[in-house]
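These notes are about the structure you will find just below.
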Amino acid sequence: MSVLLIAEHDNSKLKPFTLNAITAASEIDGDVHVLVAGANCENVAKEVSSVPLVKKVLWCDSPNYQNYLPENLAPLVTKTAEKYDHIVASANTFGKNFMPRVAAVLDISQVSDIIKVSSPDTFVRPIYAGNAFATVKSNDKKKCVTIRPTSFEPAEKTGGSAKIEKIEAVEVPNISKFIKREETKSERPELGTARVVVSGGRGLESGENFKLITDIADKLNAAVGASRAAVDAGYISNDHQVGQTGKVVVPDLYIAVGISGAIQHLAGMKESKIIVAINKDGEAPIFSVADYGLEADLFKALPEFLAELNKLNTIQK
Amino acid sequence: MKILVAVKRVIDYNVQIRVKEDGSGVHTDNVKMSTNPPDDNAVEESVKLKESGKVKEVIAISIGEDKAQETIRKALAIGADKGIHVKAESYIEPLGIAKILKNIVEKEKPDMVFLGKQAIDDDCNQTGQMLAAMLNWPQATFTSKVNLKDKSVEITREIDEGLETIEVNLPAVVSCDLRLNEPRFASLPNIMKAKKKPMEQINAKDLGLDLTNRIQQIKVEEPPKRKAGIKVANVAELVSKLKNEAKVL
């Protein structure tokens with residue numbers, strides 16, 4: 001039986017995490033169908049049809065789906081789901097928003113945020129902010145699953161030619177209204193998807209000193225993170241917080257500066273591929289998860305680090 | 001207006017989670033428990049709305065074993081007026097929790113249900129959305145700002161791309177993010193007063209709902225440990241290792 005995946009897009013282009021979700025969907029079942037619901041989103045339907053792992057595209061066009069309000073989107077997904085065994089989406093703010101509505105209406109217990117497909121009904125998912133991994137088996141006939149995008153490779157984008165089938169919109173309840181979206185306009189990449197993250201902790205001692213962090217971040221084209229201690233101390237705003245009560249990040253390179261490594265911080269970054277810790281306390285727990293630890297005064301080490309980086313010409317943008 | 005605010009008792013966010021050797025779960029005996037952090041934001045916002053005069057009554061609800069009452073008492077000490085404890089001896093999945101909440105909503109008829117965006121134990125992020133769908137209500141998830149109007153509520157939400165503003169009709173479910181507010185600490189006199197506030201007790205199994213869990217937990221294990229790294233002597237060595245060994249620069 002087939003998998004129905006709900007594509008995330010902005011009506012003109014597919015959002016990249018959908019490709020990671022397609023990979024995960026194909027591990028559940030090879031017959032991956034993708035629902036593209038939006039307003040004037042034909043280009044997205046075409047884009048999805050060229051993904052080789054996709055076998056069929058269901059395209060539903062209506063102004064009601066323009067801003068993917070969950071009250072409007074969920075009834076369409078619920079109806080379309082009739083013919084499928086699995087309904088999947090990315091476990092980001094898009095998938096997390098509408099999928100539980102679909103599951104509730106279908107009386108399904110959703111499996112959230114999976115990081116591995118063991119079999120079509122058995123999945124691995126992190127619990128306690130990644131401090132434990134649970135292997136779970138869904139006993140529901142039909143399954144609603146959301147996928148942690150960073151745990152799966154993105155699918156190839158071109159070479160496929162899946163059939164595009166247009167489907168009818170369904171009635172919407174008219175109980176919610178989209179007003180506006182303010183996308184964070186930062187020169188820097190977004191914390192959740194950045195290849196490199198540079199984070200500062202209480203060791204920075206002040207908000208002004210975070211400039212030492214942002215200088216390095218600018219040089220590495222990195223996102224800026226922070227520990228909860230730094231946020232609580234008012235050095236930086238909470239949207240930079242990495243940890244159990246902040247964001248979970250999985251970059252290729254994570255640089256923790258002046259961060260002791262409280263459990264709650266480690267939960268948000270310890271899956272990073274390479275971890276660097278710079279801390280003057282050689283006993284700080286952060287060193288136990290760091291691939292490279294530098295025991296040093298950050299106020300000396302960071303300017304030196306920046307100078308060394310300036311000597312390199314190979315920084316990837 | 002009336003708000004129902006749902007709170008969950010979870011392992012405190014500062015506790016090091018220890019996985020049981022037999023793979024059946026995590027250790028919870030003699031472990032510090034607290035209110036799920038974003039649920040604290042939900043309580044704070046509900047009480048603030050009451051203090052602003054727009055809301056007349058705040059009811060705090062928790063589902064779980066007897067000790068869940070501690071979590072309700074804390075909400076009462078912050079400023080909720082009444083507690084409802086739905087007793088449940090074992091873990092209930094978000095689907096079942098949403099069914100219980102729906103049952104209580106039908107009796108209490110609140111204008112809004114507030115709760116945290118996610119519990120930090122099972123990390124499901126489902127209950128609010130499921131409850132809203134079951135009630136045919138709109139929802140606002142990842143809420144970082146609330147502007148209550150007469151028949152609707154304008155909400156700013158934290159989404160991956162930044163911020164989104166929506167307006168949902170009342171009644172509605174609002175799931176709260178950590179940036180919504182700064183939860184206050186309860187003062188000692190308020191903690192004492194909270195002990196005298198009414199607390200209704202209901203047994204989950206008396207509600208006549210299908211609360212069977214559908215997800216079988218096969219095993220719980222520790223995440224793969226990182227292999228021990230090395231200490232470098234200076235910045236030059238660090239940069240050289242990152243460039244030549246780790247190849248991340």
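By convention in this document, the chains of the structure tokens carry letters A, B, ... by their order, each chain's residues are numbered from 1, and ligands are numbered from 1 in the order they are shown.
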Practice item. Could you pull out the residues in region 50-237 of chain B that DSSP calls strand (DSSP E or B) from the backbone, as number ranges by chain? Key: B: 57-64, 82-87, 112-116, 139-148, 152-159, 162-169, 172-176, 199-203, 215-221, 230-232
Practice item. Determine which residues of region 129-283 of chain A receive a DSSP assignment of helix (DSSP H, G or I), computed from the backbone, and state them as a PyMOL selection string. Key: chain A and resi 129-130+149-151+202-204+208-220+228-232+238-240+263-269
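Counting from CA of Val117 (chain A), the distance to CA of Ala132 (chain A) is 16.6 Å.
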**Study point:** Contact set, chain A to chain B: 7 Å, only C-alpha atoms, as a ChimeraX atom specification
**Key:** /A:71,93,96-97,100-101,104-105,109,112,127-129,131-140,175-184,238,253,263-264,288-294,301,304-305,308,314-315
